[in-house]
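This is my_file09.txt. It holds compact mmCIF, C-alpha atoms.
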# COMPACT_ATOMS: atom_id res chain seq x y z
CA MET A 6 173.85 113.23 -5.65
CA GLU A 7 175.33 115.37 -2.88
CA THR A 8 178.96 115.06 -1.80
CA ASN A 9 179.94 117.36 1.05
CA ASN A 10 182.88 115.42 2.37
CA PRO A 11 185.44 117.59 4.21
CA ILE A 12 188.22 115.13 3.34
CA ARG A 13 190.06 116.28 0.23
CA LEU A 14 190.44 113.92 -2.72
CA THR A 15 193.90 112.42 -3.17
CA ALA A 16 195.79 112.66 -6.46
CA PRO A 17 194.94 109.02 -7.44
CA GLU A 18 191.27 109.65 -6.67
CA MET A 19 191.23 112.81 -8.79
CA ALA A 20 193.09 110.99 -11.57
CA SER A 21 190.43 108.28 -11.66
CA LEU A 22 187.59 110.81 -11.83
CA TRP A 23 189.32 112.90 -14.50
CA THR A 24 190.08 109.84 -16.63
CA GLN A 25 186.56 108.50 -16.31
CA TYR A 26 185.05 111.87 -17.25
CA ILE A 27 187.06 111.95 -20.49
CA PHE A 28 186.23 108.31 -21.22
CA ASP A 29 182.50 108.70 -20.58
CA THR A 30 182.21 111.80 -22.78
CA MET A 31 183.94 109.80 -25.52
CA SER A 32 181.54 106.90 -24.94
CA ILE A 33 178.46 109.13 -25.07
CA CYS A 34 179.50 110.38 -28.53
CA PHE A 35 179.94 106.82 -29.79
CA PHE A 36 176.71 105.58 -28.22
CA ARG A 37 174.65 108.43 -29.71
CA TYR A 38 176.06 107.72 -33.17
CA ALA A 39 175.53 103.97 -32.79
CA LEU A 40 171.89 104.40 -31.77
CA GLU A 41 171.22 106.21 -35.06
CA HIS A 42 172.23 103.12 -37.02
CA ILE A 43 171.74 99.91 -35.03
CA ASP A 44 168.86 97.85 -36.42
CA ASP A 45 168.94 94.94 -33.99
CA GLN A 46 166.63 95.88 -31.11
CA GLU A 47 168.47 93.72 -28.55
CA ILE A 48 171.80 95.40 -29.33
CA LYS A 49 170.09 98.79 -29.35
CA SER A 50 168.69 98.13 -25.88
CA ILE A 51 172.19 97.56 -24.47
CA TYR A 52 173.36 100.81 -26.06
CA HIS A 53 170.41 102.72 -24.57
CA THR A 54 171.38 101.39 -21.15
CA SER A 55 175.05 102.21 -21.69
CA LEU A 56 174.22 105.76 -22.78
CA GLU A 57 172.11 106.40 -19.68
CA VAL A 58 174.84 104.98 -17.43
CA SER A 59 177.53 107.19 -19.00
CA LYS A 60 175.35 110.30 -18.75
CA ARG A 61 174.71 109.59 -15.08
CA HIS A 62 178.45 109.14 -14.50
CA ILE A 63 179.13 112.56 -15.99
CA GLU A 64 176.63 114.17 -13.62
CA GLU A 65 178.10 112.44 -10.57
CA ILE A 66 181.72 113.15 -11.49
CA THR A 67 180.84 116.81 -12.05
CA VAL A 68 179.57 117.04 -8.47
CA PHE A 69 182.77 115.49 -7.11
CA MET A 70 184.91 117.93 -9.10
CA LEU A 71 182.90 121.04 -8.28
CA ASN A 72 183.08 120.25 -4.59
CA GLU A 73 186.88 120.07 -4.93
CA ASN A 74 187.04 123.31 -6.97
CA PHE A 75 188.58 121.42 -9.87
CA PRO A 76 187.79 122.64 -13.39
CA ILE A 77 185.50 120.35 -15.37
CA PRO A 78 187.43 118.71 -18.27
CA ARG A 79 186.37 119.54 -21.79
CA GLY A 80 186.37 115.93 -22.96
CA PHE A 81 184.24 115.32 -26.06
CA THR A 82 180.91 116.76 -27.18
CA GLU A 83 178.25 115.84 -29.70
CA GLN A 84 178.60 119.30 -31.27
CA ASP A 85 182.34 119.10 -31.92
CA ASP A 86 183.34 115.45 -32.08
CA VAL A 87 180.66 113.34 -33.73
CA ASN A 88 178.20 113.65 -36.60
CA ILE A 89 175.44 111.30 -35.46
CA HIS A 90 173.71 111.68 -38.83
CA ALA A 91 176.74 110.50 -40.83
CA PRO A 92 176.24 107.29 -42.84
CA ARG A 93 176.66 103.96 -41.08
CA LEU A 94 180.34 103.09 -40.57
CA PHE A 95 179.95 99.84 -38.58
CA GLN A 96 177.66 96.82 -38.90
CA ASP A 97 175.49 95.67 -35.99
CA PRO A 98 177.74 92.72 -34.97
CA PHE A 99 180.67 95.13 -34.60
CA TYR A 100 178.64 97.36 -32.29
CA LEU A 101 177.89 94.38 -30.07
CA ASN A 102 181.54 93.35 -29.95
CA TYR A 103 182.54 96.96 -29.21
CA ILE A 104 180.31 97.20 -26.16
CA TYR A 105 181.52 93.78 -24.98
CA ILE A 106 185.21 94.78 -25.15
CA MET A 107 184.65 98.28 -23.74
CA SER A 108 182.66 96.95 -20.78
CA LEU A 109 185.36 94.34 -20.18
CA GLN A 110 188.01 97.05 -20.12
CA GLY A 111 185.74 99.26 -18.02
CA MET A 112 185.53 96.62 -15.30
CA THR A 113 189.32 96.51 -15.16
CA GLY A 114 189.46 100.30 -14.83
CA TYR A 115 186.81 100.47 -12.12
CA ALA A 116 188.53 97.73 -10.12
CA LEU A 117 191.70 99.81 -10.20
CA SER A 118 189.77 102.95 -9.22
CA VAL A 119 188.25 101.19 -6.20
CA SER A 120 191.68 99.94 -5.13
CA THR A 121 193.20 103.45 -5.28
CA SER A 122 190.28 105.24 -3.61
CA VAL A 123 190.22 105.84 0.13
CA ARG A 124 187.23 108.12 0.65
CA SER A 125 184.11 106.08 1.37
CA ASP A 126 181.80 108.04 -0.95
CA LEU A 127 184.18 107.54 -3.86
CA ARG A 128 184.60 103.83 -3.12
CA LYS A 129 180.83 103.40 -3.07
CA TYR A 130 180.56 105.32 -6.33
CA TYR A 131 183.08 103.09 -8.11
CA ILE A 132 181.55 99.92 -6.70
CA THR A 133 178.25 101.06 -8.21
CA CYS A 134 180.02 101.80 -11.51
CA MET A 135 181.54 98.32 -11.42
CA SER A 136 178.14 96.73 -10.82
CA GLU A 137 176.55 98.67 -13.70
CA THR A 138 179.39 97.75 -16.05
CA MET A 139 179.29 94.10 -15.06
CA GLU A 140 175.60 94.04 -15.94
CA ILE A 141 176.31 95.52 -19.39
CA PHE A 142 179.15 93.04 -19.86
CA ASP A 143 176.87 90.15 -18.85
CA GLN A 144 174.15 91.22 -21.26
CA SER A 145 176.58 91.75 -24.14
CA ILE A 146 178.31 88.40 -23.82
CA ASP A 147 174.97 86.56 -23.52
CA LEU A 148 173.76 88.29 -26.68
CA MET A 149 176.99 87.51 -28.54
CA LEU A 150 176.65 83.85 -27.59
CA SER A 151 172.99 83.69 -28.64
CA LYS A 152 173.76 85.29 -32.02
CA GLY A 153 176.83 83.16 -32.70
CA PHE A 154 179.28 86.09 -32.70
CA PHE A 155 181.40 84.96 -29.76
CA THR A 156 184.57 82.91 -30.26
CA ARG A 157 185.18 80.82 -27.16
CA ALA A 158 188.74 80.50 -25.92
CA PRO A 159 190.55 77.20 -26.59
CA ILE A 160 189.60 74.22 -24.44
CA ILE A 161 192.29 72.01 -22.87
CA THR A 162 191.99 68.49 -21.50
CA PRO A 163 191.94 68.44 -17.68
CA PRO A 164 195.15 66.96 -16.21
CA GLU A 165 194.88 63.60 -14.50
CA SER A 166 196.50 64.93 -11.32
CA ILE A 167 198.28 67.97 -9.89
CA ASP A 168 201.94 68.30 -10.79
CA PHE A 169 204.97 70.49 -10.08
CA VAL A 170 207.59 71.82 -12.49
CA LYS A 171 210.66 69.60 -12.32
CA GLN A 172 212.87 70.84 -15.15
CA GLN A 173 214.23 74.20 -16.33
CA SER A 174 212.95 73.28 -19.80
CA PHE A 175 209.54 74.51 -18.60
CA LEU A 176 210.88 78.03 -19.14
CA THR A 177 212.56 77.49 -22.51
CA GLY A 178 211.12 78.31 -25.89
CA TRP A 179 214.01 79.51 -28.01
CA LEU A 180 215.34 76.33 -29.59
CA GLY A 181 214.21 72.73 -29.92
CA ASP A 182 210.86 71.42 -28.73
CA ARG A 183 208.75 73.94 -26.91
CA ARG A 184 206.38 72.74 -24.23
CA PRO A 185 202.67 73.31 -24.94
CA LEU A 186 201.12 76.54 -23.72
CA ASN A 187 199.70 76.44 -20.24
CA ALA A 188 196.20 77.66 -19.37
CA ILE A 189 197.44 81.04 -18.06
CA GLU A 190 199.35 81.77 -21.28
CA ILE A 191 196.39 80.68 -23.43
CA GLY A 192 194.04 82.93 -21.47
CA ASP A 193 196.26 85.99 -21.80
CA ILE A 194 196.84 85.52 -25.53
CA THR A 195 193.12 84.99 -26.17
CA PHE A 196 192.26 88.11 -24.18
CA ASN A 197 194.85 90.23 -26.02
CA VAL A 198 193.87 88.99 -29.48
CA LEU A 199 190.20 89.67 -28.76
CA LYS A 200 190.99 93.30 -27.98
CA MET A 201 193.49 93.67 -30.79
CA HIS A 202 190.87 92.53 -33.32
CA LEU A 203 188.55 95.31 -32.14
CA HIS A 204 191.35 97.88 -32.31
CA ALA A 205 192.27 96.76 -35.83
CA ALA A 206 188.67 97.09 -37.01
CA LEU A 207 188.38 100.56 -35.47
CA LYS A 208 191.47 101.65 -37.37
CA VAL A 209 190.04 100.33 -40.64
CA GLY A 210 186.98 102.53 -40.13
CA PHE A 211 188.91 105.54 -38.85
CA ILE A 212 191.28 105.46 -41.84
CA GLN A 213 188.25 105.89 -44.10
CA VAL A 214 186.77 108.89 -42.29
CA ALA A 215 189.86 110.74 -40.97
CA GLN A 216 190.10 114.31 -42.28
CA SER A 217 193.84 114.87 -41.78
CA ASN A 218 196.34 112.98 -43.92
CA GLU A 219 198.75 112.87 -40.96
CA VAL A 220 196.10 111.26 -38.77
CA ARG A 221 195.14 108.86 -41.56
CA GLN A 222 198.76 107.74 -41.98
CA HIS A 223 199.08 107.25 -38.22
CA PHE A 224 196.04 104.97 -38.26
CA ARG A 225 197.43 103.01 -41.22
CA ARG A 226 200.61 102.42 -39.28
CA GLY A 227 198.55 101.39 -36.26
CA LEU A 228 196.57 98.93 -38.40
CA GLU A 229 199.79 97.35 -39.67
CA ILE A 230 201.01 96.99 -36.08
CA ALA A 231 197.71 95.50 -34.92
CA ASN A 232 197.60 92.97 -37.75
CA LYS A 233 201.22 91.98 -37.10
CA HIS A 234 200.54 91.41 -33.42
CA ILE A 235 197.49 89.30 -34.27
CA ARG A 236 199.55 87.16 -36.69
CA ILE A 237 202.26 86.60 -34.06
CA PHE A 238 199.77 85.46 -31.42
CA GLU A 239 197.91 83.29 -33.92
CA SER A 240 201.16 81.60 -34.97
CA VAL A 241 201.83 80.73 -31.31
CA PHE A 242 198.37 79.16 -31.08
CA GLU A 243 198.82 77.27 -34.36
CA GLU A 244 201.82 75.40 -32.92
CA ASP A 245 199.46 73.76 -30.40
CA GLN A 246 196.49 73.53 -32.83
CA LEU A 247 194.47 76.03 -30.81
CA ASN A 248 191.67 78.19 -32.23
CA SER A 249 191.97 81.98 -32.38
CA PRO A 250 189.29 84.68 -32.00
CA MET A 251 187.53 85.96 -35.13
CA SER A 252 188.35 89.18 -36.98
CA TRP A 253 185.89 92.09 -37.15
CA GLN A 254 187.46 94.05 -40.00
CA SER A 255 184.81 92.89 -42.47
CA MET A 256 182.16 94.61 -40.32
CA ILE A 257 183.20 98.07 -41.57
CA THR A 258 181.11 99.71 -44.31
CA ASN A 259 182.50 101.73 -47.24
CA SER A 260 181.50 105.10 -45.75
CA THR A 261 184.08 107.89 -46.07
CA SER A 262 181.92 110.70 -44.65
CA MET A 263 183.12 112.73 -41.67
CA THR A 264 181.82 110.75 -38.70
CA PHE A 265 184.10 111.52 -35.74
CA SER A 266 186.52 114.38 -35.26
CA ASP A 267 190.20 113.59 -35.75
CA LYS A 268 190.71 114.58 -32.12
CA TYR A 269 188.14 112.00 -31.02
CA MET A 270 189.61 109.21 -33.13
CA MET A 271 193.16 109.96 -32.02
CA TYR A 272 192.05 109.74 -28.39
CA GLN A 273 190.23 106.45 -29.01
CA ILE A 274 193.33 104.94 -30.61
CA GLN A 275 195.63 106.36 -27.91
CA LEU A 276 193.38 104.88 -25.25
CA SER A 277 193.34 101.46 -26.89
CA THR A 278 197.13 101.55 -27.24
CA GLN A 279 197.64 102.47 -23.59
CA LEU A 280 195.26 99.73 -22.44
CA THR A 281 197.01 97.19 -24.64
CA LEU A 282 200.34 98.15 -23.12
CA SER A 283 198.99 97.51 -19.63
CA PHE A 284 197.47 94.15 -20.62
CA TYR A 285 200.64 93.05 -22.42
CA GLY A 286 202.68 93.99 -19.36
CA SER A 287 200.35 92.00 -17.10
CA ALA A 288 200.53 88.97 -19.41
CA MET A 289 204.33 89.15 -19.60
CA SER A 290 204.59 89.17 -15.80
CA VAL A 291 202.90 85.75 -15.46
CA ASN A 292 204.23 84.17 -18.66
CA SER A 293 206.74 81.32 -18.25
CA ARG A 294 207.95 80.58 -21.81
CA LYS A 295 210.89 82.73 -22.81
CA ASP A 296 209.88 83.01 -26.47
CA ILE A 297 206.44 84.40 -25.58
CA GLY A 298 207.99 86.79 -23.07
CA ALA A 299 210.29 88.03 -25.83
CA HIS A 300 207.25 88.58 -28.09
CA TYR A 301 205.52 90.67 -25.43
CA LEU A 302 208.65 92.74 -24.76
CA ARG A 303 209.19 93.48 -28.45
CA LEU A 304 205.53 94.31 -29.05
CA ILE A 305 205.42 96.58 -26.00
CA LEU A 306 208.39 98.57 -27.29
CA GLU A 307 206.68 98.94 -30.67
CA LEU A 308 203.46 100.16 -29.06
CA LEU A 309 205.35 102.59 -26.82
CA GLN A 310 206.84 104.28 -29.89
CA PHE A 311 203.45 104.33 -31.62
CA ALA A 312 201.83 105.87 -28.53
CA GLU A 313 204.54 108.53 -28.27
CA ASP A 314 204.10 109.48 -31.93
CA GLY A 315 200.34 109.65 -31.41
CA ALA A 316 200.77 111.92 -28.39
CA ASN A 317 203.00 114.22 -30.43
CA ILE A 318 200.31 114.52 -33.10
CA MET A 319 197.71 115.36 -30.46
CA ILE A 320 199.98 117.93 -28.78
CA LYS A 321 200.77 119.60 -32.09
CA ASN A 322 197.06 119.97 -32.86
CA GLY A 323 196.02 121.03 -29.35
CA TRP A 324 194.01 117.85 -28.78
CA LEU A 325 195.75 116.40 -25.72
CA GLU A 326 193.93 117.57 -22.61
CA GLN A 327 196.23 117.74 -19.61
CA PRO A 328 195.20 115.93 -16.42
CA PRO A 329 195.43 117.68 -13.03
CA THR A 330 199.06 118.07 -11.98
CA ALA A 331 200.96 118.78 -8.79
CA THR A 332 201.91 122.38 -8.03
CA ASP A 333 205.17 123.46 -9.64
CA ARG A 334 206.87 124.72 -6.48
CA GLU A 335 210.08 125.64 -8.27
CA SER A 336 208.26 127.94 -10.70
CA LEU A 337 206.39 129.58 -7.85
CA ALA A 338 209.66 130.26 -6.07
CA LYS A 339 211.27 131.70 -9.21
CA ASN A 340 208.29 133.98 -9.87
CA LYS A 341 208.44 135.18 -6.26
CA SER A 342 212.12 135.98 -6.50
CA ASN A 343 211.66 137.88 -9.78
CA LYS A 344 209.15 140.30 -8.29

Target encoding structure tokens, full file:
Amino acid sequence: METNNPIRLTAPEMASLWTQYIFDTMSICFFRYALEHIDDQEIKSIYHTSLEVSKRHIEEITVFMLNENFPIPRGFTEQDDVNIHAPRLFQDPFYLNYIYIMSLQGMTGYALSVSTSVRSDLRKYYITCMSETMEIFDQSIDLMLSKGFFTRAPIITPPESIDFVKQQSFLTGWLGDRRPLNAIEIGDITFNVLKMHLHAALKVGFIQVAQSNEVRQHFRRGLEIANKHIRIFESVFEEDQLNSPMSWQSMITNSTSMTFSDKYMMYQIQLSTQLTLSFYGSAMSVNSRKDIGAHYLRLILELLQFAEDGANIMIKNGWLEQPPTATDRESLAKNKSNK
């Protein structure tokens, strides 16, 4: 791939490339470890494809960055951040669910990257990334369905006709009878519980293999938060007798061997927390029932504090890689005046 475009990358374009580089190096570590343990050949095939896609992304992003004279991020490496020969930590069904959720989140990220990219070569690159990720998503969901691992979202009876909201009670939810959830609210809750179940299972495994007690305690706190959020969403569904997605926490083995570096696991949990915050915010913006909106607001505040504490742990240990930043003009001026 050659990119000799005289038009400089904008800050949003560089941010997307930098973020994707970090994410793909993280993914490569996980995929290499997974391929050492997956027995199911159909699941293994998806992971082989995903690994090759991520490796190709790293090569292409490197070209973009070198042409802009930007330093290549450190990200994560097989030498420092994963022991691919460590005992199995996850069962095969978990690996399939992991690639399903990560490809789902990847499509969201690539859509945002396309929308914030102006240069034609970068837009074409992200459209290709989106296409590749959609194919992995399609394969993973088909395989989950065929193996009986996929929990379909609740089904509602089609309305007899279109209707318009006539009463303010449509928005209530604090006291008295609450109206049933609408399709938009059901979809958002299902989507968020699906992801939260994966995050909870990851924390179960990471608690077992974390080397630092501080990191281990952070993950325990994160697991308590994740399980609480799941219970809240499930209780909302129970009011309308709606089914909830399945848990994946039983898909973790009893391994306690060093598998991933603490830096790697902290980044994975930070990433999942940040993505959850964005999805909660999106769900809150289209939610109509006040009680559910209050749930989202409270849970967002809790996650914000958890994310801040996680960032502080990473900063203290030198694990938080800094993205490209704007020039500090004030410091330049002060240095000039001091000479």

Counting all atoms listed in the file, which residues of stretch 123-230 of chain A sit at most 10 Å from some atom of stretch 82-101 of chain A, and what is each one's closest atom pair with its distance in Å to one decimal, listed by chain and rising residue number, as JSON lines?
{"residue": "A:Ser145", "atom": "CA", "partner": "A:Leu101", "partner_atom": "CA", "distance": 6.6}
{"residue": "A:Ile146", "atom": "CA", "partner": "A:Leu101", "partner_atom": "CA", "distance": 8.7}
{"residue": "A:Leu148", "atom": "CA", "partner": "A:Leu101", "partner_atom": "CA", "distance": 8.1}
{"residue": "A:Met149", "atom": "CA", "partner": "A:Leu101", "partner_atom": "CA", "distance": 7.1}
{"residue": "A:Lys152", "atom": "CA", "partner": "A:Pro98", "partner_atom": "CA", "distance": 8.9}
{"residue": "A:Gly153", "atom": "CA", "partner": "A:Pro98", "partner_atom": "CA", "distance": 9.9}
{"residue": "A:Phe154", "atom": "CA", "partner": "A:Pro98", "partner_atom": "CA", "distance": 7.2}
{"residue": "A:Leu203", "atom": "CA", "partner": "A:Phe99", "partner_atom": "CA", "distance": 8.3}
{"residue": "A:Ala206", "atom": "CA", "partner": "A:Phe99", "partner_atom": "CA", "distance": 8.6}
{"residue": "A:Leu207", "atom": "CA", "partner": "A:Phe95", "partner_atom": "CA", "distance": 9.0}
{"residue": "A:Gly210", "atom": "CA", "partner": "A:Leu94", "partner_atom": "CA", "distance": 6.7}
{"residue": "A:Phe211", "atom": "CA", "partner": "A:Leu94", "partner_atom": "CA", "distance": 9.1}
{"residue": "A:Gln213", "atom": "CA", "partner": "A:Leu94", "partner_atom": "CA", "distance": 9.1}
{"residue": "A:Val214", "atom": "CA", "partner": "A:Leu94", "partner_atom": "CA", "distance": 8.8}

So how far away is atom CA of A:Gly286 from atom CA of A:Ala16, in Å?
->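 We find that atom CA of A:Ala16 and atom CA of A:Gly286 lie 23.7 Å from each other.
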
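The list of residues with at least one atom within 8 Å of A:Thr138, based on all atoms listed in the file and without residues fewer than 2 positions apart in the same chain, reads Ser108, Gly111, Met112, Cys134, Met135, Ser136, Glu140, Ile141 and Phe142 of chain A.
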
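The interatomic distance for the pair atom CA of A:Ile33 and atom CA of A:Glu65 works out to 14.9 Å.
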
Mind giving me the straight-line distance from atom CA of A:Glu229 to atom CA of A:Ala188 in Å, one decimal?
->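 One can read the atom CA of A:Glu229 to atom CA of A:Ala188 distance as 28.5 Å.
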
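Using only C-alpha atoms, the shortest contact distance between A:Ser252 and any of A:Ser125, A:Ser283, A:Thr54, A:Asn102 is found at A:Asn102.
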
Show me, as a Markdown table, the residues of stretch 17-91 of chain A having an atom within 12 Å of stretch 273-281 of chain A, each with the closest atom pair and its distance in Å, using all atoms listed in the file.
| residue | atom | partner | partner_atom | distance |
| --- | --- | --- | --- | --- |
| A:Thr24 | CA | A:Leu276 | CA | 10.5 |
| A:Gln25 | CA | A:Leu276 | CA | 11.8 |
| A:Ile27 | CA | A:Leu276 | CA | 10.6 |
| A:Phe28 | CA | A:Leu276 | CA | 8.9 |
| A:Asp29 | CA | A:Gln273 | CA | 11.7 |
| A:Thr30 | CA | A:Gln273 | CA | 11.5 |
| A:Met31 | CA | A:Gln273 | CA | 7.9 |
| A:Ser32 | CA | A:Gln273 | CA | 9.6 |
| A:Cys34 | CA | A:Gln273 | CA | 11.4 |
| A:Phe35 | CA | A:Gln273 | CA | 10.3 |
| A:Gly80 | CA | A:Gln273 | CA | 11.9 |
| A:Phe81 | CA | A:Gln273 | CA | 11.1 |
| A:Asp86 | CA | A:Gln273 | CA | 11.7 |
